[in-house]
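Here is the file run.cif (mmCIF, C-alpha atoms).
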data_target
loop_
_atom_site.group_PDB
_atom_site.id
_atom_site.type_symbol
_atom_site.label_atom_id
_atom_site.label_comp_id
_atom_site.auth_asym_id
_atom_site.auth_seq_id
_atom_site.Cartn_x
_atom_site.Cartn_y
_atom_site.Cartn_z
ATOM 1 C CA MET W 1 -1.013 -5.318 0.376
ATOM 2 C CA ILE W 2 0.066 -2.503 -1.932
ATOM 3 C CA CYS W 3 1.895 0.493 -0.491
ATOM 4 C CA GLU W 4 3.041 2.584 -3.453
ATOM 5 C CA LEU W 5 4.553 6.060 -3.497
ATOM 6 C CA ALA W 6 4.245 8.170 -6.663
ATOM 7 C CA ILE W 7 6.209 11.338 -7.444
ATOM 8 C CA ASP W 8 5.826 14.006 -10.146
ATOM 9 C CA THR W 9 8.139 17.023 -10.366
ATOM 10 C CA ALA W 10 8.442 17.226 -14.159
ATOM 11 C CA GLY W 11 5.887 20.005 -14.595
ATOM 12 C CA ALA W 12 5.396 23.383 -12.966
ATOM 13 C CA GLY W 13 3.807 21.695 -9.981
ATOM 14 C CA CYS W 14 5.180 19.327 -7.381
ATOM 15 C CA SER W 15 3.040 16.374 -6.320
ATOM 16 C CA ALA W 16 3.247 13.149 -4.355
ATOM 17 C CA ALA W 17 0.710 10.406 -3.695
ATOM 18 C CA LEU W 18 0.381 7.236 -1.649
ATOM 19 C CA ALA W 19 -1.799 4.265 -2.604
ATOM 20 C CA ILE W 20 -2.434 1.770 0.191
ATOM 21 C CA GLY W 21 -4.594 -1.348 0.326
ATOM 22 C CA MET W 22 -5.475 -4.500 -1.553
ATOM 23 C CA PRO W 23 -5.665 -4.437 -5.388
ATOM 24 C CA ASN W 24 -8.845 -2.643 -6.575
ATOM 25 C CA GLN W 25 -9.509 -1.542 -2.986
ATOM 26 C CA GLN W 26 -6.812 1.056 -2.495
ATOM 27 C CA LYS W 27 -7.087 4.295 -0.588
ATOM 28 C CA THR W 28 -5.170 7.226 -2.077
ATOM 29 C CA PHE W 29 -3.583 10.165 -0.248
ATOM 30 C CA THR W 30 -2.289 13.117 -2.263
ATOM 31 C CA ARG W 31 -0.350 16.363 -2.050
ATOM 32 C CA PHE W 32 0.041 19.007 -4.772
ATOM 33 C CA ASP W 33 1.632 22.457 -4.795
ATOM 34 C CA ASP W 34 1.854 24.741 -7.812
ATOM 35 C CA ILE W 35 5.492 25.844 -7.609
ATOM 36 C CA ARG W 36 7.957 26.942 -10.290
ATOM 37 C CA ARG W 37 11.206 26.114 -8.499
ATOM 38 C CA GLY W 38 12.494 24.548 -5.300
ATOM 39 C CA HIS W 39 11.276 21.033 -6.112
ATOM 40 C CA ALA W 40 14.208 19.426 -4.303
ATOM 41 C CA GLU W 41 13.299 20.970 -0.961
ATOM 42 C CA HIS W 42 9.559 20.731 -1.488
ATOM 43 C CA ILE W 43 9.116 17.088 -2.514
ATOM 44 C CA ILE W 44 10.793 15.796 0.659
ATOM 45 C CA ALA W 45 8.450 17.836 2.861
ATOM 46 C CA GLN W 46 5.441 16.670 0.855
ATOM 47 C CA ILE W 47 6.302 13.009 1.242
ATOM 48 C CA ASP W 48 7.095 13.354 4.939
ATOM 49 C CA ASP W 49 3.697 15.009 5.353
ATOM 50 C CA LEU W 50 1.985 12.132 3.551
ATOM 51 C CA MET W 51 3.757 9.538 5.657
ATOM 52 C CA SER W 52 2.759 11.326 8.842
ATOM 53 C CA GLU W 53 -0.881 11.574 7.750
ATOM 54 C CA VAL W 54 -1.106 7.878 6.954
ATOM 55 C CA GLY W 55 0.977 6.867 9.958
ATOM 56 C CA ILE W 56 3.519 4.669 8.172
ATOM 57 C CA GLY W 57 7.289 4.637 7.748
ATOM 58 C CA TYR W 58 9.381 4.341 4.604
ATOM 59 C CA ASP W 59 9.963 0.685 5.411
ATOM 60 C CA SER W 60 6.293 0.051 4.569
ATOM 61 C CA LEU W 61 6.760 0.998 0.902
ATOM 62 C CA ASN W 62 6.882 -1.841 -1.613
ATOM 63 C CA ARG W 63 6.958 0.188 -4.847
ATOM 64 C CA ILE W 64 7.938 3.693 -6.004
ATOM 65 C CA SER W 65 6.945 5.323 -9.297
ATOM 66 C CA CYS W 66 7.831 8.665 -10.886
ATOM 67 C CA THR W 67 7.517 10.685 -14.078
ATOM 68 C CA MET W 68 10.573 10.859 -16.363
ATOM 69 C CA GLY W 69 9.839 13.931 -18.483
ATOM 70 C CA PRO W 70 9.829 15.696 -20.810
ATOM 71 C CA GLY W 71 9.339 18.810 -18.733
ATOM 72 C CA SER W 72 11.266 21.113 -16.458
ATOM 73 C CA PHE W 73 14.966 20.165 -16.755
ATOM 74 C CA THR W 74 15.667 20.641 -13.045
ATOM 75 C CA GLY W 75 12.329 19.169 -11.985
ATOM 76 C CA VAL W 76 12.901 15.977 -13.979
ATOM 77 C CA ARG W 77 16.376 15.506 -12.491
ATOM 78 C CA VAL W 78 15.160 16.149 -8.949
ATOM 79 C CA GLY W 79 12.216 13.755 -9.146
ATOM 80 C CA ILE W 80 14.148 10.859 -10.634
ATOM 81 C CA ALA W 81 17.193 11.335 -8.413
ATOM 82 C CA PHE W 82 15.050 11.363 -5.281
ATOM 83 C CA ALA W 83 12.951 8.381 -6.447
ATOM 84 C CA LYS W 84 16.073 6.367 -7.299
ATOM 85 C CA GLY W 85 17.742 7.112 -3.986
ATOM 86 C CA LEU W 86 14.618 6.270 -2.016
ATOM 87 C CA ALA W 87 14.010 3.055 -3.960
ATOM 88 C CA LEU W 88 17.604 1.981 -3.285
ATOM 89 C CA ALA W 89 17.366 2.800 0.422
ATOM 90 C CA CYS W 90 14.024 1.004 0.795
ATOM 91 C CA ASP W 91 15.097 -1.908 -1.456
ATOM 92 C CA VAL W 92 11.931 -1.668 -3.578
ATOM 93 C CA PRO W 93 11.429 -1.583 -7.373
ATOM 94 C CA LEU W 94 11.343 1.763 -9.169
ATOM 95 C CA TYR W 95 8.911 2.426 -12.028
ATOM 96 C CA GLY W 96 9.063 5.396 -14.403
ATOM 97 C CA ALA W 97 6.617 6.728 -16.998
ATOM 98 C CA VAL W 98 6.792 9.361 -19.743
ATOM 99 C CA CYS W 99 4.678 12.392 -18.788
ATOM 100 C CA SER W 100 2.859 12.594 -22.124
ATOM 101 C CA VAL W 101 1.896 8.912 -21.890
ATOM 102 C CA VAL W 102 0.381 9.593 -18.462
ATOM 103 C CA ALA W 103 -1.485 12.561 -19.947
ATOM 104 C CA GLY W 104 -2.716 10.546 -22.938
ATOM 105 C CA GLN W 105 -4.146 7.819 -20.732
ATOM 106 C CA LYS W 106 -5.831 10.451 -18.569
ATOM 107 C CA PHE W 107 -7.381 12.114 -21.619
ATOM 108 C CA ILE W 108 -8.926 8.842 -22.762
ATOM 109 C CA SER W 109 -10.260 8.039 -19.302
ATOM 110 C CA LEU W 110 -11.968 11.461 -19.144
ATOM 111 C CA ARG W 111 -13.130 11.819 -22.740
ATOM 112 C CA ASP W 112 -16.773 11.044 -21.925
ATOM 113 C CA GLU W 113 -16.782 14.045 -19.570
ATOM 114 C CA LEU W 114 -15.218 16.532 -21.996
ATOM 115 C CA GLU W 115 -17.215 18.757 -24.342
ATOM 116 C CA PHE W 116 -16.016 19.762 -27.796
ATOM 117 C CA ASP W 117 -16.966 22.229 -30.518
ATOM 118 C CA ARG W 118 -16.666 19.826 -33.447
ATOM 119 C CA PRO W 119 -19.890 17.868 -34.016
ATOM 120 C CA ASP W 120 -18.180 15.543 -36.505
ATOM 121 C CA LEU W 121 -15.770 14.266 -33.834
ATOM 122 C CA ASN W 122 -17.509 12.411 -31.023
ATOM 123 C CA LEU W 123 -14.687 11.338 -28.714
ATOM 124 C CA SER W 124 -17.026 9.312 -26.519
ATOM 125 C CA SER W 125 -17.858 7.048 -29.468
ATOM 126 C CA SER W 126 -15.891 4.113 -30.837
ATOM 127 C CA GLN W 127 -14.312 6.086 -33.697
ATOM 128 C CA SER W 128 -10.548 6.496 -33.902
ATOM 129 C CA PHE W 129 -8.872 9.912 -33.609
ATOM 130 C CA HIS W 130 -5.433 11.469 -33.109
ATOM 131 C CA ILE W 131 -4.657 13.438 -29.954
ATOM 132 C CA CYS W 132 -1.507 15.488 -29.292
ATOM 133 C CA HIS W 133 -0.183 16.342 -25.855
ATOM 134 C CA VAL W 134 1.539 19.749 -25.942
ATOM 135 C CA LEU W 135 3.870 21.244 -23.364
ATOM 136 C CA GLU W 136 5.679 24.585 -23.668
ATOM 137 C CA ALA W 137 9.448 23.989 -23.847
ATOM 138 C CA GLY W 138 10.603 27.619 -24.055
ATOM 139 C CA ARG W 139 12.685 29.137 -26.883
ATOM 140 C CA ASP W 140 9.662 29.054 -29.214
ATOM 141 C CA GLU W 141 9.450 25.265 -28.972
ATOM 142 C CA PHE W 142 7.016 22.623 -27.716
ATOM 143 C CA TYR W 143 7.338 19.107 -26.363
ATOM 144 C CA VAL W 144 4.700 17.151 -28.301
ATOM 145 C CA HIS W 145 3.539 13.530 -28.432
ATOM 146 C CA VAL W 146 0.801 12.197 -30.746
ATOM 147 C CA PHE W 147 -1.402 9.203 -29.946
ATOM 148 C CA LYS W 148 -4.110 7.358 -31.828
ATOM 149 C CA GLY W 149 -7.212 7.245 -29.678
ATOM 150 C CA PRO W 150 -8.865 3.847 -29.191
ATOM 151 C CA CYS W 151 -11.661 2.285 -31.156
ATOM 152 C CA GLU W 152 -13.753 -0.358 -29.416
ATOM 153 C CA LEU W 153 -11.121 -3.097 -29.609
ATOM 154 C CA THR W 154 -7.806 -1.219 -29.761
ATOM 155 C CA PRO W 155 -5.903 0.532 -26.930
ATOM 156 C CA LEU W 156 -4.284 3.959 -27.046
ATOM 157 C CA ARG W 157 -1.107 3.740 -29.131
ATOM 158 C CA GLU W 158 1.748 6.074 -30.029
ATOM 159 C CA VAL W 159 1.952 7.756 -33.423
ATOM 160 C CA THR W 160 5.150 9.809 -32.987
ATOM 161 C CA GLY W 161 6.794 9.360 -29.605
ATOM 162 C CA PRO W 162 7.915 12.466 -27.640
ATOM 163 C CA VAL W 163 9.284 15.176 -29.979
ATOM 164 C CA LEU W 164 10.799 18.652 -29.613
ATOM 165 C CA LEU W 165 8.905 20.845 -32.095
ATOM 166 C CA SER W 166 9.657 24.396 -33.253
ATOM 167 C CA TYR W 167 6.814 26.911 -33.494
ATOM 168 C CA SER W 168 7.561 27.239 -37.209
ATOM 169 C CA ASP W 169 6.963 23.521 -37.813
ATOM 170 C CA VAL W 170 3.543 23.234 -36.124
ATOM 171 C CA ILE W 171 1.418 23.443 -39.298
ATOM 172 C CA GLU W 172 3.423 20.769 -41.106
ATOM 173 C CA PHE W 173 3.409 18.564 -37.986
ATOM 174 C CA VAL W 174 -0.391 18.750 -37.648
ATOM 175 C CA GLN W 175 -0.877 17.853 -41.311
ATOM 176 C CA LYS W 176 1.628 15.014 -41.333
ATOM 177 C CA ASN W 177 0.293 13.367 -38.173
ATOM 178 C CA GLU W 178 -3.396 14.171 -38.807
ATOM 179 C CA VAL W 179 -3.866 15.729 -35.376
ATOM 180 C CA ASP W 180 -7.557 16.092 -34.455
ATOM 181 C CA VAL W 181 -7.193 17.319 -30.866
ATOM 182 C CA SER W 182 -4.415 18.965 -28.875
ATOM 183 C CA PHE W 183 -4.380 19.231 -25.099
ATOM 184 C CA GLY W 184 -2.006 20.101 -22.281
ATOM 185 C CA PRO W 185 -0.436 23.335 -20.968
ATOM 186 C CA GLY W 186 0.814 24.407 -24.426
ATOM 187 C CA SER W 187 -2.307 23.438 -26.353
ATOM 188 C CA GLU W 188 -3.803 26.908 -26.826
ATOM 189 C CA LYS W 189 -0.631 28.381 -28.326
ATOM 190 C CA PHE W 190 -0.153 25.255 -30.467
ATOM 191 C CA CYS W 191 -3.603 25.706 -32.029
ATOM 192 C CA GLU W 192 -3.109 29.423 -32.558
ATOM 193 C CA LEU W 193 0.008 28.731 -34.602
ATOM 194 C CA ASN W 194 -1.717 25.976 -36.545
ATOM 195 C CA LYS W 195 -4.639 28.220 -37.471
ATOM 196 C CA ALA W 196 -2.223 30.690 -39.047
ATOM 197 C CA SER W 197 -2.602 28.520 -42.137
ATOM 198 C CA ASN W 198 -5.830 28.598 -44.119
ATOM 199 C CA ASN W 199 -5.610 24.995 -45.278
ATOM 200 C CA GLU W 200 -8.391 22.553 -44.487
ATOM 201 C CA LYS W 201 -6.434 20.427 -42.017
ATOM 202 C CA SER W 202 -5.371 23.365 -39.866
ATOM 203 C CA SER W 203 -8.976 24.392 -39.287
ATOM 204 C CA GLN W 204 -9.895 20.909 -38.046
ATOM 205 C CA CYS W 205 -7.412 20.655 -35.184
ATOM 206 C CA PHE W 206 -8.781 22.137 -31.960
ATOM 207 C CA ASP W 207 -7.542 22.322 -28.392
ATOM 208 C CA VAL W 208 -8.996 21.105 -25.117
ATOM 209 C CA ARG W 209 -8.095 23.187 -22.084
ATOM 210 C CA SER W 210 -9.112 21.518 -18.863
ATOM 211 C CA ALA W 211 -7.494 21.639 -15.433
ATOM 212 C CA GLY W 212 -8.688 18.072 -14.971
ATOM 213 C CA LEU W 213 -6.192 16.944 -17.614
ATOM 214 C CA ASP W 214 -3.137 18.282 -15.746
ATOM 215 C CA ILE W 215 -0.791 15.510 -14.589
ATOM 216 C CA ARG W 216 -0.653 14.599 -10.907
ATOM 217 C CA ALA W 217 1.393 11.940 -9.122
ATOM 218 C CA GLU W 218 -1.722 9.838 -8.417
ATOM 219 C CA ASP W 219 -2.287 9.404 -12.175
ATOM 220 C CA LEU W 220 0.631 6.960 -12.163
ATOM 221 C CA PHE W 221 -1.510 4.526 -10.177
ATOM 222 C CA LYS W 222 -3.899 4.202 -13.141
ATOM 223 C CA LEU W 223 -1.341 3.299 -15.811
ATOM 224 C CA ASP W 224 -1.058 -0.160 -17.328
ATOM 225 C CA GLU W 225 2.131 -1.995 -16.386
ATOM 226 C CA ASP W 226 3.428 -1.943 -19.956
ATOM 227 C CA CYS W 227 3.561 1.889 -19.835
ATOM 228 C CA PHE W 228 6.416 1.808 -17.297
ATOM 229 C CA LYS W 229 10.179 1.505 -17.442
ATOM 230 C CA ILE W 230 11.649 -0.388 -14.493
ATOM 231 C CA ASN W 231 14.711 0.166 -12.272
ATOM 232 C CA ASP W 232 17.822 0.893 -14.408
ATOM 233 C CA GLU W 233 15.634 1.854 -17.384
ATOM 234 C CA VAL W 234 14.209 4.765 -15.386
ATOM 235 C CA ARG W 235 16.180 7.810 -16.512
ATOM 236 C CA PRO W 236 15.472 11.444 -17.435
ATOM 237 C CA LEU W 237 13.883 12.014 -20.831
ATOM 238 C CA TYR W 238 15.612 15.070 -22.267
ATOM 239 C CA LEU W 239 14.619 16.166 -25.773
ATOM 240 C CA ARG W 240 17.039 19.094 -25.842
ATOM 241 C CA ALA W 241 20.727 19.364 -24.975
ATOM 242 C CA PRO W 242 21.575 21.049 -21.637
ATOM 243 C CA ASP W 243 22.474 24.743 -21.576
ATOM 244 C CA ALA W 244 25.811 24.177 -19.804
ATOM 245 C CA LYS W 245 28.830 24.448 -22.089
ATOM 246 C CA PRO W 246 32.571 23.859 -21.541
ATOM 247 C CA GLN W 247 34.393 26.958 -20.301
ATOM 248 C CA LEU W 248 36.412 28.671 -23.021
ATOM 249 C CA GLY W 249 38.996 31.440 -22.905
ATOM 250 C CA LYS W 250 40.473 32.421 -19.580
ATOM 251 C CA THR W 251 40.578 29.615 -17.032
ATOM 252 C CA LEU W 252 42.386 28.997 -13.759
ATOM 253 C CA VAL W 253 45.437 26.781 -13.995
ATOM 254 C CA ARG W 254 45.037 23.594 -11.979
ATOM 255 C CA ARG W 255 47.705 23.121 -9.302
ATOM 256 C CA LEU W 256 48.320 19.921 -7.437
#

Take the structure in the file and give it back as structure tokens.
Amino acid sequence: MICELAIDTAGAGCSAALAIGMPNQQKTFTRFDDIRRGHAEHIIAQIDDLMSEVGIGYDSLNRISCTMGPGSFTGVRVGIAFAKGLALACDVPLYGAVCSVVAGQKFISLRDELEFDRPDLNLSSSQSFHICHVLEAGRDEFYVHVFKGPCELTPLREVTGPVLLSYSDVIEFVQKNEVDVSFGPGSEKFCELNKASNNEKSSQCFDVRSAGLDIRAEDLFKLDEDCFKINDEVRPLYLRAPDAKPQLGKTLVRRL
């Protein structure tokens, strides 16, 4: 029987989910809170609440999964650190997935339910298209990741990998990677910047804003196994150097 715990603290929200049961017959229990900070204190309470609702202990877990970023610097560190510590204590394998990969898979699974303004691009058909997950990174930058949407016989595949992109480079990025659709929390701003150009390609890229596309911990249960890193390969995905810098100038003299 599967008893899997999933954790996501990489975004603005904080979420946890439990999947219990036989393969293809699992029951899922979820928690989500839209918070901006305090993930470290919040995720523990969420998981304890889930465990109490289901009536199981941590010794019942046989797998733990988490998101690895990109996203909130502190949130990514908190989620992975907690998942690693819990996996070690419970002696179970740890699985990690890139947030934009989770989002890309979710987009494809929901594409038949989404409505678009471009009649030439029918995402529910078998035609191929390029989608770009966009997340605001602050400092006039985005975290972006482009995928090629599936035809009938091909799965979703990466075009770029996760990238840190400046606002000033959006138009060139859209042209180079032939982006048809952008989605995610930063999608609207991404498209506004792209439309600042009057070239043909910029007018073709449009954004999809849907709350149903936001990442939640339970989305990890739907990923293919080859989308995950395992155990020691699970580590934070940082696309920008940390803000902390070595102290310069006046310092206290160390005394033994």

Worksheet item: Which polymer residues have any atom within 9 Å of an atom of Cys3 of chain W, counting all atoms listed in the file, with same-chain residues fewer than 6 positions away left out, as a VMD selection string?
Response: chain W and resid 18 to 22 26 60 to 64

Residues from the last selection, C-alpha atoms, saved as a PDB file, in the frame of the given file:
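Generated file (part.pdb):
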ATOM      1  CA  LEU W  18       0.381   7.236  -1.649  1.00  0.00           C
ATOM      2  CA  ALA W  19      -1.799   4.265  -2.604  1.00  0.00           C
ATOM      3  CA  ILE W  20      -2.434   1.770   0.191  1.00  0.00           C
ATOM      4  CA  GLY W  21      -4.594  -1.348   0.326  1.00  0.00           C
ATOM      5  CA  MET W  22      -5.475  -4.500  -1.553  1.00  0.00           C
ATOM      6  CA  GLN W  26      -6.812   1.056  -2.495  1.00  0.00           C
ATOM      7  CA  SER W  60       6.293   0.051   4.569  1.00  0.00           C
ATOM      8  CA  LEU W  61       6.760   0.998   0.902  1.00  0.00           C
ATOM      9  CA  ASN W  62       6.882  -1.841  -1.613  1.00  0.00           C
ATOM     10  CA  ARG W  63       6.958   0.188  -4.847  1.00  0.00           C
ATOM     11  CA  ILE W  64       7.938   3.693  -6.004  1.00  0.00           C
TER      12      ILE W  64
END

Worksheet entry | Residue members of the PyMOL selection byres ((chain W and resi 92) around 10) in the file shown, as a VMD selection string | chain W and resid 4 59 61 to 64 84 86 to 91 93 to 95 231

Discussion item. As an exercise, work out the distance from atom CA of Ser109 of chain W to atom CA of Val76 of chain W in Å and give it to one decimal place.
Written reply: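 That distance, rounded to one decimal, is 25.1 Å.
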
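The interatomic distance for the pair atom CA of Glu172 of chain W and atom CA of Gly149 of chain W works out to 20.7 Å.
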
Discussion item. Taking all atoms listed in the file into account, name the residue in W:Pro185, W:Gly96, W:Gly11, W:Gly85 that is nearest to Pro236 of chain W.
Written reply: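 Using all atoms listed in the file, the shortest distance to Pro236 of chain W belongs to W:Gly96.
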
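Minimum atom-to-atom distances from W:Ala17, W:Val101, W:Val134, W:Val78 to Val54 of chain W were compared using only C-alpha atoms, and the lowest value belongs to W:Ala17.
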
Discussion item. Can you spell out as a PyMOL selection string the set of residues that the PyMOL selection byres ((chain W and resi 177) around 10) selects in the structure I just provided?
Written reply: chain W and resi 130-132+146-148+159-160+172-176+178-180
